[in-house]
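Shown here: structure.cif, mmCIF, C-alpha atoms.
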```cif
data_my_file
loop_
_atom_site.label_atom_id
_atom_site.label_comp_id
_atom_site.auth_asym_id
_atom_site.auth_seq_id
_atom_site.Cartn_x
_atom_site.Cartn_y
_atom_site.Cartn_z
CA MET A 1 -93.03 123.82 -75.09
CA ILE A 2 -92.92 125.60 -78.41
CA ALA A 3 -96.21 125.25 -80.24
CA LEU A 4 -95.74 123.40 -83.52
CA THR A 5 -97.55 124.61 -86.59
CA GLY A 6 -98.15 123.44 -90.15
CA MET A 7 -96.27 120.43 -91.45
CA GLY A 8 -94.25 119.97 -88.28
CA ARG A 9 -97.39 119.53 -86.27
CA ILE A 10 -98.86 117.06 -88.75
CA GLU A 11 -95.67 114.99 -88.95
CA ARG A 12 -95.42 114.89 -85.17
CA ALA A 13 -99.08 113.84 -84.99
CA TRP A 14 -98.44 110.85 -87.28
CA GLN A 15 -95.54 109.81 -85.02
CA VAL A 16 -97.78 109.99 -81.95
CA LEU A 17 -100.57 108.08 -83.71
CA GLY A 18 -98.04 105.32 -84.41
CA THR A 19 -97.96 104.71 -80.65
CA VAL A 20 -101.75 104.47 -80.16
CA LEU A 21 -102.60 100.76 -80.08
CA ASP A 22 -105.77 98.98 -81.14
CA PRO A 23 -107.31 97.90 -77.79
CA GLU A 24 -108.43 94.54 -79.24
CA VAL A 25 -105.19 93.60 -81.02
CA PRO A 26 -102.69 95.50 -78.86
CA VAL A 27 -99.67 94.95 -81.12
CA LEU A 28 -101.11 97.00 -83.98
CA SER A 29 -101.10 100.77 -83.91
CA VAL A 30 -104.06 102.63 -85.40
CA CYS A 31 -101.70 103.51 -88.30
CA ASP A 32 -100.73 99.83 -88.89
CA LEU A 33 -104.44 99.02 -88.93
CA GLY A 34 -105.01 101.61 -91.66
CA ILE A 35 -107.88 103.40 -89.94
CA VAL A 36 -106.19 106.84 -89.80
CA ARG A 37 -107.06 108.20 -93.22
CA GLU A 38 -105.86 111.77 -92.87
CA VAL A 39 -104.34 114.27 -90.47
CA ARG A 40 -104.96 117.91 -91.34
CA GLU A 41 -105.03 121.38 -89.88
CA GLY A 42 -108.61 122.52 -89.29
CA ALA A 43 -109.64 126.10 -88.54
CA HIS A 44 -109.63 125.57 -84.78
CA ALA A 45 -108.14 122.12 -84.21
CA LEU A 46 -105.96 119.38 -85.57
CA GLN A 47 -108.34 117.09 -87.43
CA ILE A 48 -107.86 113.31 -87.41
CA VAL A 49 -109.98 111.38 -89.90
CA LEU A 50 -110.73 107.81 -88.76
CA THR A 51 -112.55 105.08 -90.71
CA PRO A 52 -114.05 102.34 -88.49
CA THR A 53 -113.23 98.70 -89.34
CA TYR A 54 -116.63 97.09 -88.66
CA SER A 55 -120.02 98.83 -88.20
CA GLY A 56 -120.41 97.32 -84.74
CA CYS A 57 -116.79 97.44 -83.59
CA PRO A 58 -117.10 98.16 -79.85
CA ALA A 59 -113.57 99.60 -79.77
CA THR A 60 -114.35 102.55 -82.08
CA GLU A 61 -115.25 104.98 -79.30
CA LEU A 62 -112.32 103.92 -77.12
CA ILE A 63 -109.92 104.42 -80.05
CA GLU A 64 -111.32 107.91 -80.65
CA GLN A 65 -110.75 108.79 -77.02
CA GLN A 66 -107.22 107.34 -76.96
CA VAL A 67 -106.27 109.20 -80.13
CA ARG A 68 -107.45 112.46 -78.62
CA GLU A 69 -105.68 111.86 -75.32
CA ALA A 70 -102.38 110.85 -76.95
CA LEU A 71 -102.26 113.91 -79.19
CA GLU A 72 -103.32 116.32 -76.48
CA GLY A 73 -100.80 114.69 -74.12
CA ALA A 74 -98.08 115.40 -76.71
CA GLY A 75 -99.07 119.07 -76.76
CA LEU A 76 -100.64 118.88 -80.21
CA GLY A 77 -104.18 119.80 -79.13
CA PRO A 78 -106.85 120.93 -79.58
CA VAL A 79 -107.82 117.81 -81.52
CA GLN A 80 -110.98 116.97 -83.38
CA VAL A 81 -111.66 113.36 -84.42
CA CYS A 82 -113.89 112.94 -87.50
CA LEU A 83 -115.40 109.57 -88.49
CA GLN A 84 -115.47 108.94 -92.21
CA ARG A 85 -117.34 105.85 -93.46
CA ALA A 86 -116.65 106.10 -97.19
CA PRO A 87 -114.63 104.56 -98.70
CA ALA A 88 -115.25 101.60 -96.41
CA TRP A 89 -112.25 100.21 -94.53
CA THR A 90 -110.64 97.12 -96.02
CA SER A 91 -108.08 94.75 -94.51
CA ASP A 92 -105.87 95.65 -97.52
CA TRP A 93 -105.12 98.89 -95.65
CA ILE A 94 -103.22 97.00 -92.93
CA SER A 95 -99.54 97.92 -93.46
CA ALA A 96 -96.81 95.39 -94.32
CA GLU A 97 -95.31 96.09 -90.92
CA GLY A 98 -98.72 95.50 -89.33
CA ARG A 99 -98.99 92.12 -91.07
CA GLN A 100 -95.63 91.06 -89.68
CA LYS A 101 -96.63 92.21 -86.19
CA LEU A 102 -99.81 90.13 -86.44
CA ARG A 103 -97.85 87.04 -87.49
CA ASP A 104 -95.38 87.53 -84.62
CA TYR A 105 -98.31 87.86 -82.22
CA GLY A 106 -99.74 84.50 -83.41
CA ILE A 107 -102.53 85.88 -85.63
CA ALA A 108 -102.48 84.91 -89.32
CA PRO A 109 -102.74 88.16 -91.34
CA PRO A 110 -105.52 88.66 -93.92
CA GLN A 111 -105.11 87.62 -97.56
CA PRO A 112 -105.60 90.36 -100.17
CA VAL A 113 -109.24 91.19 -100.93
CA SER A 114 -110.20 90.26 -104.50
CA GLY A 115 -110.01 92.91 -107.25
CA ASP A 116 -112.36 95.82 -106.72
CA GLY A 117 -113.24 94.76 -103.19
CA ALA A 118 -116.42 93.01 -104.34
CA VAL A 119 -117.12 90.00 -102.16
CA ALA A 120 -118.31 86.91 -104.00
CA VAL A 121 -121.10 85.18 -102.12
CA ARG A 122 -121.01 81.41 -102.21
CA TRP A 123 -122.29 78.82 -99.82
CA ALA A 124 -121.89 75.17 -98.92
CA SER A 125 -119.01 74.38 -101.32
CA ARG A 126 -117.17 77.60 -100.52
CA ARG A 127 -114.19 76.51 -98.42
CA GLY A 128 -111.24 78.35 -99.91
CA PRO A 129 -107.63 77.95 -98.80
CA SER A 130 -107.20 78.37 -95.05
CA PRO A 131 -104.39 80.80 -94.05
CA ALA A 132 -100.87 79.59 -93.24
CA CYS A 133 -100.15 78.76 -89.60
CA PRO A 134 -98.46 81.77 -87.92
CA ARG A 135 -96.46 79.40 -85.67
CA CYS A 136 -94.97 76.76 -87.98
CA GLY A 137 -95.81 78.23 -91.40
CA SER A 138 -97.66 75.14 -92.63
CA THR A 139 -100.43 75.74 -95.16
CA GLU A 140 -102.18 72.55 -94.02
CA THR A 141 -104.75 74.28 -91.84
CA THR A 142 -108.48 74.05 -91.32
CA VAL A 143 -111.28 76.40 -90.23
CA LEU A 144 -112.70 75.79 -86.76
CA SER A 145 -115.08 78.75 -86.67
CA GLY A 146 -115.81 81.60 -89.08
CA PHE A 147 -116.24 83.93 -86.11
CA GLY A 148 -113.86 84.55 -83.23
CA ALA A 149 -113.30 86.56 -80.07
CA THR A 150 -113.66 89.85 -81.96
CA ALA A 151 -115.54 90.83 -85.12
CA CYS A 152 -112.32 90.91 -87.16
CA LYS A 153 -111.06 87.38 -86.43
CA SER A 154 -111.85 83.74 -87.25
CA LEU A 155 -110.51 80.59 -85.60
CA HIS A 156 -108.39 77.92 -87.33
CA ARG A 157 -106.24 74.88 -86.52
CA CYS A 158 -102.93 73.83 -87.97
CA LEU A 159 -102.90 70.19 -89.09
CA ALA A 160 -99.08 70.08 -88.95
CA CYS A 161 -98.31 71.42 -85.46
CA ARG A 162 -101.89 70.83 -84.21
CA GLU A 163 -102.06 74.30 -82.62
CA PRO A 164 -105.20 76.40 -82.91
CA PHE A 165 -104.66 79.98 -84.11
CA GLU A 166 -106.59 83.14 -84.92
CA HIS A 167 -106.82 84.74 -88.35
CA PHE A 168 -107.46 88.42 -89.06
CA LYS A 169 -110.20 88.11 -91.68
CA ALA A 170 -109.95 89.64 -95.14
CA LEU A 171 -112.74 92.21 -95.58
CA MET B 1 -135.14 111.35 -71.27
CA SER B 2 -138.18 109.27 -70.39
CA ALA B 3 -141.35 110.51 -72.06
CA SER B 4 -142.09 108.88 -75.41
CA ILE B 5 -140.96 110.78 -78.49
CA ARG B 6 -142.80 111.03 -81.78
CA VAL B 7 -141.27 111.11 -85.21
CA SER B 8 -142.49 113.11 -88.17
CA THR B 9 -144.02 111.59 -91.29
CA CYS B 10 -141.19 112.94 -93.49
CA ALA B 11 -140.65 110.31 -96.20
CA ASP B 12 -136.82 110.36 -96.04
CA VAL B 13 -136.85 109.86 -92.27
CA ARG B 14 -139.34 107.03 -92.64
CA TYR B 15 -137.26 105.33 -95.35
CA VAL B 16 -134.11 105.36 -93.19
CA LEU B 17 -136.00 104.34 -90.02
CA ARG B 18 -137.50 101.30 -91.75
CA LEU B 19 -134.02 100.00 -92.45
CA GLY B 20 -132.54 101.13 -89.13
CA ASP B 21 -135.38 99.45 -87.21
CA ALA B 22 -134.95 96.24 -89.23
CA CYS B 23 -131.28 96.12 -88.16
CA LEU B 24 -132.09 97.03 -84.55
CA VAL B 25 -134.89 94.50 -84.10
CA LEU B 26 -133.00 91.59 -85.68
CA ALA B 27 -129.93 92.45 -83.57
CA GLN B 28 -132.19 92.22 -80.49
CA ARG B 29 -133.59 88.84 -81.57
CA LEU B 30 -130.15 87.40 -82.38
CA SER B 31 -128.67 88.57 -79.11
CA GLU B 32 -131.31 86.45 -77.32
CA TRP B 33 -129.21 83.44 -78.44
CA CYS B 34 -126.18 84.61 -76.49
CA GLY B 35 -125.37 81.74 -74.12
CA HIS B 36 -128.08 79.52 -75.64
CA ALA B 37 -126.89 78.53 -79.12
CA PRO B 38 -126.48 74.79 -79.81
CA ILE B 39 -122.67 74.98 -80.00
CA LEU B 40 -120.09 77.49 -78.78
CA GLU B 41 -118.92 78.48 -82.28
CA GLU B 42 -122.48 79.31 -83.26
CA ASP B 43 -123.07 81.25 -80.06
CA ILE B 44 -120.09 83.43 -80.99
CA ALA B 45 -121.21 83.69 -84.62
CA LEU B 46 -124.75 84.86 -83.73
CA ALA B 47 -123.40 87.40 -81.25
CA ASN B 48 -121.02 88.72 -83.94
CA LEU B 49 -123.84 89.01 -86.48
CA ALA B 50 -125.97 90.83 -83.89
CA LEU B 51 -123.10 93.23 -83.21
CA ASP B 52 -122.73 94.13 -86.90
CA LEU B 53 -126.48 94.71 -87.16
CA LEU B 54 -126.45 96.85 -84.04
CA GLY B 55 -123.60 98.94 -85.48
CA GLN B 56 -125.58 99.41 -88.69
CA ALA B 57 -128.68 100.34 -86.65
CA ARG B 58 -126.72 102.93 -84.66
CA ALA B 59 -125.44 104.62 -87.81
CA LEU B 60 -128.88 104.59 -89.45
CA LEU B 61 -130.79 105.86 -86.39
CA THR B 62 -128.24 108.63 -85.86
CA HIS B 63 -128.69 109.62 -89.49
CA ALA B 64 -132.50 109.44 -89.23
CA GLY B 65 -132.32 111.78 -86.23
CA GLN B 66 -130.31 114.28 -88.28
CA LEU B 67 -132.69 114.04 -91.24
CA GLU B 68 -135.58 114.60 -88.84
CA ALA B 69 -133.90 117.73 -87.48
CA ARG B 70 -133.38 119.01 -91.02
CA ALA B 71 -137.05 118.36 -91.86
CA THR B 72 -138.57 119.89 -88.73
CA GLY B 73 -135.93 122.49 -87.87
CA GLY B 74 -135.69 121.06 -84.36
CA GLU B 75 -132.78 119.54 -82.49
CA ALA B 76 -131.50 116.16 -83.77
CA LEU B 77 -132.90 113.14 -81.94
CA THR B 78 -130.09 110.83 -80.82
CA GLU B 79 -129.73 107.13 -81.67
CA ASP B 80 -130.61 106.29 -78.04
CA GLN B 81 -133.76 108.38 -78.03
CA LEU B 82 -134.88 106.73 -81.27
CA ALA B 83 -134.01 103.22 -80.09
CA PHE B 84 -135.52 103.42 -76.61
CA LEU B 85 -138.22 106.06 -76.46
CA ARG B 86 -140.61 105.45 -79.34
CA GLU B 87 -143.99 103.78 -78.98
CA GLU B 88 -144.62 100.54 -80.84
CA ARG B 89 -146.50 102.27 -83.67
CA ASP B 90 -143.45 104.44 -84.40
CA TYR B 91 -141.16 101.49 -85.22
CA PHE B 92 -141.14 100.65 -88.91
CA ASN B 93 -139.29 97.34 -89.29
CA PRO B 94 -140.93 94.67 -91.45
CA THR B 95 -142.80 92.20 -89.20
CA LEU B 96 -140.52 89.31 -90.27
CA LEU B 97 -137.70 90.73 -88.15
CA GLU B 98 -139.67 90.82 -84.89
CA LEU B 99 -141.00 87.25 -84.98
CA PRO B 100 -139.70 85.24 -81.99
CA ARG B 101 -136.32 83.62 -82.56
CA GLY B 102 -137.93 80.16 -82.76
CA ASP B 103 -135.63 77.14 -83.02
CA PHE B 104 -132.18 77.19 -84.63
CA ALA B 105 -133.66 76.26 -88.04
CA PHE B 106 -135.99 79.28 -87.94
CA THR B 107 -133.14 81.58 -86.86
CA VAL B 108 -130.74 80.55 -89.65
CA LEU B 109 -133.44 80.55 -92.32
CA ARG B 110 -134.60 84.05 -91.32
CA ASN B 111 -130.96 85.20 -91.25
CA ALA B 112 -130.47 83.91 -94.79
CA CYS B 113 -133.68 85.53 -96.10
CA VAL B 114 -132.87 88.84 -94.41
CA ALA B 115 -129.16 88.92 -95.32
CA ALA B 116 -129.98 88.29 -98.99
CA TRP B 117 -132.58 91.09 -98.89
CA MET B 118 -130.32 93.54 -97.04
CA ARG B 119 -127.40 92.77 -99.33
CA LEU B 120 -129.50 93.69 -102.38
CA LEU B 121 -130.64 96.84 -100.63
CA TRP B 122 -127.10 97.90 -99.58
CA GLU B 123 -125.88 97.29 -103.13
CA ARG B 124 -128.39 99.84 -104.36
CA LEU B 125 -127.91 102.28 -101.48
CA VAL B 126 -124.19 102.59 -102.25
CA GLY B 127 -125.41 104.78 -105.12
CA SER B 128 -127.81 106.84 -102.96
CA CYS B 129 -127.96 110.61 -103.52
CA ASP B 130 -127.51 110.91 -99.74
CA PRO B 131 -123.73 110.53 -99.15
CA ALA B 132 -124.15 109.58 -95.48
CA LEU B 133 -126.54 106.75 -96.37
CA ALA B 134 -124.21 105.62 -99.18
CA GLY B 135 -121.30 105.52 -96.72
CA ILE B 136 -123.23 103.35 -94.25
CA ALA B 137 -124.23 101.06 -97.13
CA GLY B 138 -120.64 100.63 -98.38
CA LYS B 139 -119.58 99.14 -95.07
CA ALA B 140 -122.78 97.15 -94.44
CA LEU B 141 -122.63 95.57 -97.90
CA LYS B 142 -119.42 93.75 -96.98
CA GLU B 143 -120.93 92.62 -93.69
CA SER B 144 -124.20 91.35 -95.17
CA SER B 145 -122.15 89.26 -97.62
CA TYR B 146 -120.58 87.12 -94.90
CA HIS B 147 -123.88 87.10 -92.97
CA LEU B 148 -125.50 85.53 -96.03
CA GLU B 149 -122.71 83.00 -96.53
CA HIS B 150 -122.86 81.88 -92.92
CA ALA B 151 -126.66 81.57 -92.77
CA ALA B 152 -126.94 79.94 -96.21
CA ASP B 153 -124.34 77.33 -95.21
CA TRP B 154 -126.61 76.31 -92.34
CA VAL B 155 -129.75 76.27 -94.48
CA VAL B 156 -128.09 73.83 -96.89
CA ARG B 157 -126.55 71.77 -94.12
CA LEU B 158 -129.81 71.38 -92.21
CA GLY B 159 -131.95 71.02 -95.34
CA CYS B 160 -129.72 68.16 -96.55
CA GLY B 161 -129.17 66.76 -93.06
CA THR B 162 -131.15 64.29 -91.00
CA GLU B 163 -134.87 63.62 -91.13
CA GLU B 164 -135.25 65.78 -88.02
CA SER B 165 -133.23 68.73 -89.40
CA GLN B 166 -135.19 68.57 -92.68
CA ARG B 167 -138.46 68.59 -90.79
CA ARG B 168 -137.32 71.63 -88.76
CA MET B 169 -136.24 73.52 -91.89
CA ALA B 170 -139.51 72.73 -93.67
CA ASN B 171 -141.49 73.99 -90.65
CA ALA B 172 -139.41 77.14 -90.45
CA LEU B 173 -139.95 77.83 -94.14
CA ARG B 174 -143.71 77.37 -93.84
CA GLU B 175 -143.86 79.69 -90.82
CA LEU B 176 -141.77 82.57 -92.08
CA TRP B 177 -142.39 82.62 -95.82
CA PRO B 178 -145.70 84.54 -95.70
CA TYR B 179 -143.94 87.37 -93.84
CA THR B 180 -141.38 87.87 -96.63
CA ALA B 181 -144.00 89.38 -98.98
CA GLU B 182 -144.01 92.60 -96.97
CA LEU B 183 -140.33 93.25 -97.79
CA PHE B 184 -141.31 94.02 -101.38
CA GLU B 185 -144.53 96.07 -101.00
CA ASP B 186 -144.29 99.67 -102.22
CA ASP B 187 -145.99 102.72 -100.79
CA ALA B 188 -145.61 106.51 -100.97
CA VAL B 189 -142.37 106.40 -98.93
CA ASP B 190 -140.77 104.13 -101.55
CA GLU B 191 -142.02 106.28 -104.40
CA ALA B 192 -140.57 109.41 -102.83
CA ALA B 193 -137.22 107.69 -102.19
CA ALA B 194 -137.02 106.38 -105.75
CA ALA B 195 -138.00 109.73 -107.27
CA ARG B 196 -135.35 111.57 -105.28
CA GLY B 197 -132.59 108.97 -105.79
CA LEU B 198 -132.42 108.19 -102.08
CA GLY B 199 -132.84 104.45 -102.64
CA PRO B 200 -134.78 101.76 -104.50
CA ARG B 201 -138.48 100.96 -104.21
CA ALA B 202 -139.11 97.85 -102.11
CA SER B 203 -140.54 96.02 -105.13
CA GLU B 204 -137.36 96.46 -107.21
CA LEU B 205 -135.57 93.90 -105.05
CA ARG B 206 -138.25 91.23 -105.32
CA GLU B 207 -137.12 89.40 -108.46
CA PRO B 208 -133.39 89.24 -107.63
CA TRP B 209 -134.27 88.12 -104.10
CA LEU B 210 -136.60 85.38 -105.32
CA ALA B 211 -133.91 84.16 -107.73
CA GLN B 212 -131.42 83.84 -104.87
CA MET B 213 -133.96 82.07 -102.68
CA ARG B 214 -134.83 79.65 -105.48
CA SER B 215 -131.17 78.74 -105.86
CA LEU B 216 -130.57 78.41 -102.11
CA LEU B 217 -133.69 76.35 -101.42
CA ALA B 218 -132.94 74.05 -104.35
CA GLN B 219 -129.48 73.35 -102.94
CA ALA B 220 -131.03 72.72 -99.54
CA HIS B 221 -133.57 70.30 -101.04
CA LEU B 222 -136.42 72.47 -99.81
CA PRO B 223 -139.46 73.20 -101.99
CA MET B 224 -139.95 76.84 -103.04
CA PRO B 225 -143.18 77.90 -101.28
CA ALA B 226 -146.14 79.24 -103.23
CA GLU B 227 -147.00 82.92 -102.95
CA SER B 228 -149.30 83.60 -100.01
CA PRO B 229 -152.14 86.17 -99.86
CA PHE B 230 -151.17 86.91 -96.25
CA ARG B 231 -149.72 90.39 -95.64
CA SER B 232 -148.02 91.88 -92.58
CA PHE B 233 -147.67 95.64 -92.01
CA GLY B 234 -144.70 96.29 -89.72
CA ARG B 235 -143.29 98.86 -92.17
CA GLN B 236 -146.49 100.87 -91.56
CA GLY B 237 -146.02 100.62 -87.78
CA ARG B 238 -148.71 97.93 -87.39
CA HIS B 239 -146.89 95.08 -85.68
CA SER B 240 -147.49 91.52 -84.58
CA GLU B 241 -148.37 90.59 -80.99
CA HIS B 242 -144.66 89.82 -80.41
CA MET B 243 -143.42 93.39 -80.84
CA GLY B 244 -144.67 94.70 -77.47
CA TYR B 245 -142.73 92.03 -75.58
CA LEU B 246 -139.60 92.70 -77.59
CA LEU B 247 -139.83 96.43 -76.88
CA ALA B 248 -140.47 95.83 -73.19
CA ASP B 249 -137.15 93.99 -73.05
CA LEU B 250 -135.34 96.51 -75.24
CA GLN B 251 -136.65 99.64 -73.54
CA PHE B 252 -136.93 98.57 -69.91
CA LEU B 253 -133.74 100.17 -68.62
CA GLN B 254 -134.27 103.61 -70.18
CA ARG B 255 -137.92 103.65 -69.14
CA ALA B 256 -137.17 102.62 -65.55
CA TYR B 257 -134.00 104.70 -65.14
CA PRO B 258 -134.41 107.64 -67.52
CA GLY B 259 -131.14 108.89 -68.97
CA GLY B 260 -129.14 106.08 -67.34
CA VAL B 261 -125.72 105.60 -68.92
CA TRP B 262 -122.94 103.02 -68.53
#
```
What's the structure tokens form of this structure?
Amino acid sequence: MIALTGMGRIERAWQVLGTVLDPEVPVLSVCDLGIVREVREGAHALQIVLTPTYSGCPATELIEQQVREALEGAGLGPVQVCLQRAPAWTSDWISAEGRQKLRDYGIAPPQPVSGDGAVAVRWASRRGPSPACPRCGSTETTVLSGFGATACKSLHRCLACREPFEHFKAL
Amino acid sequence: MSASIRVSTCADVRYVLRLGDACLVLAQRLSEWCGHAPILEEDIALANLALDLLGQARALLTHAGQLEARATGGEALTEDQLAFLREERDYFNPTLLELPRGDFAFTVLRNACVAAWMRLLWERLVGSCDPALAGIAGKALKESSYHLEHAADWVVRLGCGTEESQRRMANALRELWPYTAELFEDDAVDEAAAARGLGPRASELREPWLAQMRSLLAQAHLPMPAESPFRSFGRQGRHSEHMGYLLADLQFLQRAYPGGVW
């Protein structure tokens, strides 16, 4: 194999990263999810800058490992993965393609986060619009639980087709 | 990895450990509900909140270990060493966080009090002169916002609920309120942090926190408690009788099987 350098290596790395899937929502690649912030040539290694979704996301370390293995497997090593916390990840970074993949998988994609990313805190009378059903498209849906099987999801039910569904929360 | 470690008295390290230990100890208390919450949805919610707090604790303890290395010139202590190998006196969480989980009313009321406090703190720490701490705060701020919404929903629901749920909420408020005073007591660590731009003094958050509590308790039809002369001293490392039991649970594996990994 001919060793790639410079832009070629970086472009190839982005292609490979597009095949590394989020272990908890295995239809989204790490690029769809928006957690790969930068790919650059370091002094001794190809540097991949990742921003974790949630502070306690248990998949973070597995993703790091899979990113390293995929790139090294494609002959693009050595690879160094750097975690960057600021700016904090937001669900707005999920790509349009990623949103469609979520919908096709049966998970309602997140709504846009308001303005500057500031989260208004309200209680009791908060209930905003529930997301559209990913199966039948109805907007007549209701929240079953604000928390779901993973940190990034909540649980809803469609009042039209009566099916329960998951929603990737806006953050 | 078995003998107890000591931490220095460096003010920056202490400031970050106080917050990291608060996250760690509340995560431990909330995870005690796993499999025991009154309904499945709430079981999942409490486990999710605990997971966020644990993630925040990991980032903060890792950072405290690095600050410690910078201060002493030694090797950085890891998050695991700091979580599992300190003696009780070297944990600096406010006592409120270590109190037993109590009933569901006590748990949700404490979560609301703590989330409101942490949210105010994260808001300020986003502007910290320490970029690593500011980065941790930027993420945690978003998380504490939905922690507060979830807990406050329950406080209102139970406070305005049945005679029994009102009685439970009133008891919980009476029990935990005296321990909230400690969250806002300044000492030399706060002064050093404020002077350097690391973060706010504890007392700077008192008024905004009280205003939020007043609003929440009014909506929940609960009377705002009077100020109490009682003081706790967990932030100084002087803990309640409950802390030893909590640490025994938390530390058992690393103490019994030093260096054990998954």
For the provided coordinates, the residues matched by the PyMOL selection byres ((chain B and resi 31-45) around 9) should be stated as a ChimeraX atom specification.
/A:144-149 /B:26-30,46-51,101,104,150
On this structure, the PyMOL selection byres ((chain A and resi 19) around 9) would catch which residues? List them as a VMD selection string, sorted by chain and number.
chain A and resid 15 to 18 20 to 21 28 to 31 70
With only C-alpha atoms considered, list every residue of chain B at most 7 Å from chain A, as a PDB file with C-alpha atoms, keeping the file's coordinate frame.
```
ATOM      1  CA  GLU B  41    -118.920  78.480 -82.280  1.00  0.00           C
ATOM      2  CA  ILE B  44    -120.090  83.430 -80.990  1.00  0.00           C
ATOM      3  CA  ALA B  45    -121.210  83.690 -84.620  1.00  0.00           C
ATOM      4  CA  ASN B  48    -121.020  88.720 -83.940  1.00  0.00           C
ATOM      5  CA  LEU B  51    -123.100  93.230 -83.210  1.00  0.00           C
ATOM      6  CA  ASP B  52    -122.730  94.130 -86.900  1.00  0.00           C
ATOM      7  CA  LEU B  54    -126.450  96.850 -84.040  1.00  0.00           C
ATOM      8  CA  GLY B  55    -123.600  98.940 -85.480  1.00  0.00           C
ATOM      9  CA  GLN B  56    -125.580  99.410 -88.690  1.00  0.00           C
ATOM     10  CA  GLY B 135    -121.300 105.520 -96.720  1.00  0.00           C
ATOM     11  CA  ILE B 136    -123.230 103.350 -94.250  1.00  0.00           C
ATOM     12  CA  GLY B 138    -120.640 100.630 -98.380  1.00  0.00           C
ATOM     13  CA  LYS B 139    -119.580  99.140 -95.070  1.00  0.00           C
ATOM     14  CA  LYS B 142    -119.420  93.750 -96.980  1.00  0.00           C
ATOM     15  CA  SER B 145    -122.150  89.260 -97.620  1.00  0.00           C
ATOM     16  CA  GLU B 149    -122.710  83.000 -96.530  1.00  0.00           C
ATOM     17  CA  ALA B 152    -126.940  79.940 -96.210  1.00  0.00           C
ATOM     18  CA  ASP B 153    -124.340  77.330 -95.210  1.00  0.00           C
ATOM     19  CA  VAL B 156    -128.090  73.830 -96.890  1.00  0.00           C
TER      20      VAL B 156
END
```
The PyMOL selection byres ((chain A and resi 69) around 12) - which residues does that actually catch in the file I just gave you? List them as a PDB file with C-alpha atoms, in the coordinates of the input.
```pdb
ATOM      1  CA  ALA A  13     -99.080 113.840 -84.990  1.00  0.00           C
ATOM      2  CA  VAL A  16     -97.780 109.990 -81.950  1.00  0.00           C
ATOM      3  CA  LEU A  17    -100.570 108.080 -83.710  1.00  0.00           C
ATOM      4  CA  THR A  19     -97.960 104.710 -80.650  1.00  0.00           C
ATOM      5  CA  VAL A  20    -101.750 104.470 -80.160  1.00  0.00           C
ATOM      6  CA  LEU A  62    -112.320 103.920 -77.120  1.00  0.00           C
ATOM      7  CA  ILE A  63    -109.920 104.420 -80.050  1.00  0.00           C
ATOM      8  CA  GLU A  64    -111.320 107.910 -80.650  1.00  0.00           C
ATOM      9  CA  GLN A  65    -110.750 108.790 -77.020  1.00  0.00           C
ATOM     10  CA  GLN A  66    -107.220 107.340 -76.960  1.00  0.00           C
ATOM     11  CA  VAL A  67    -106.270 109.200 -80.130  1.00  0.00           C
ATOM     12  CA  ARG A  68    -107.450 112.460 -78.620  1.00  0.00           C
ATOM     13  CA  ALA A  70    -102.380 110.850 -76.950  1.00  0.00           C
ATOM     14  CA  LEU A  71    -102.260 113.910 -79.190  1.00  0.00           C
ATOM     15  CA  GLU A  72    -103.320 116.320 -76.480  1.00  0.00           C
ATOM     16  CA  GLY A  73    -100.800 114.690 -74.120  1.00  0.00           C
ATOM     17  CA  ALA A  74     -98.080 115.400 -76.710  1.00  0.00           C
ATOM     18  CA  GLY A  75     -99.070 119.070 -76.760  1.00  0.00           C
ATOM     19  CA  LEU A  76    -100.640 118.880 -80.210  1.00  0.00           C
ATOM     20  CA  GLY A  77    -104.180 119.800 -79.130  1.00  0.00           C
ATOM     21  CA  PRO A  78    -106.850 120.930 -79.580  1.00  0.00           C
ATOM     22  CA  VAL A  79    -107.820 117.810 -81.520  1.00  0.00           C
ATOM     23  CA  GLN A  80    -110.980 116.970 -83.380  1.00  0.00           C
ATOM     24  CA  VAL A  81    -111.660 113.360 -84.420  1.00  0.00           C
TER      25      VAL A  81
END
```
How many Å lie between atom CA of A:Ala132 and atom CA of A:Glu24, rounded to one decimal?
21.8 Å
Atom CA of B:Ser144 to atom CA of A:Arg157, distance in Å rounded to a single decimal:
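Separation of atom CA of B:Ser144 and atom CA of A:Arg157: 25.9 Å.
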Determine, counting all atoms listed in the file, which protein, DNA and RNA residues have an atom within 10 Å of an atom of B:Leu210; residues of the same chain fewer than 5 positions away are not included. Present the result as a PyMOL selection string.
chain B and resi 113+116-117+205+215-216+224
Can I get the selected residues back with C-alpha atoms, as an mmCIF file, in the coordinates of the input?
```
data_model
loop_
_atom_site.group_PDB
_atom_site.id
_atom_site.type_symbol
_atom_site.label_atom_id
_atom_site.label_comp_id
_atom_site.auth_asym_id
_atom_site.auth_seq_id
_atom_site.Cartn_x
_atom_site.Cartn_y
_atom_site.Cartn_z
ATOM 1 C CA CYS B 113 -133.680 85.530 -96.100
ATOM 2 C CA ALA B 116 -129.980 88.290 -98.990
ATOM 3 C CA TRP B 117 -132.580 91.090 -98.890
ATOM 4 C CA LEU B 205 -135.570 93.900 -105.050
ATOM 5 C CA SER B 215 -131.170 78.740 -105.860
ATOM 6 C CA LEU B 216 -130.570 78.410 -102.110
ATOM 7 C CA MET B 224 -139.950 76.840 -103.040
#
```
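Each of B:Arg196, B:Arg201, B:Arg206, B:Arg14 was checked against B:Asp90 using all atoms listed in the file; the smallest atom-to-atom distance is that of B:Arg14.
Atom to atom, atom CA of B:Tyr257 and atom CA of B:Glu88 stand 19.4 Å apart.
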Write out as a PyMOL selection string the residues lying within 9 Å of B:Phe106, counting only C-alpha atoms and excluding same-chain residues fewer than 6 positions away.
chain B and resi 168-169+171-173+175-176
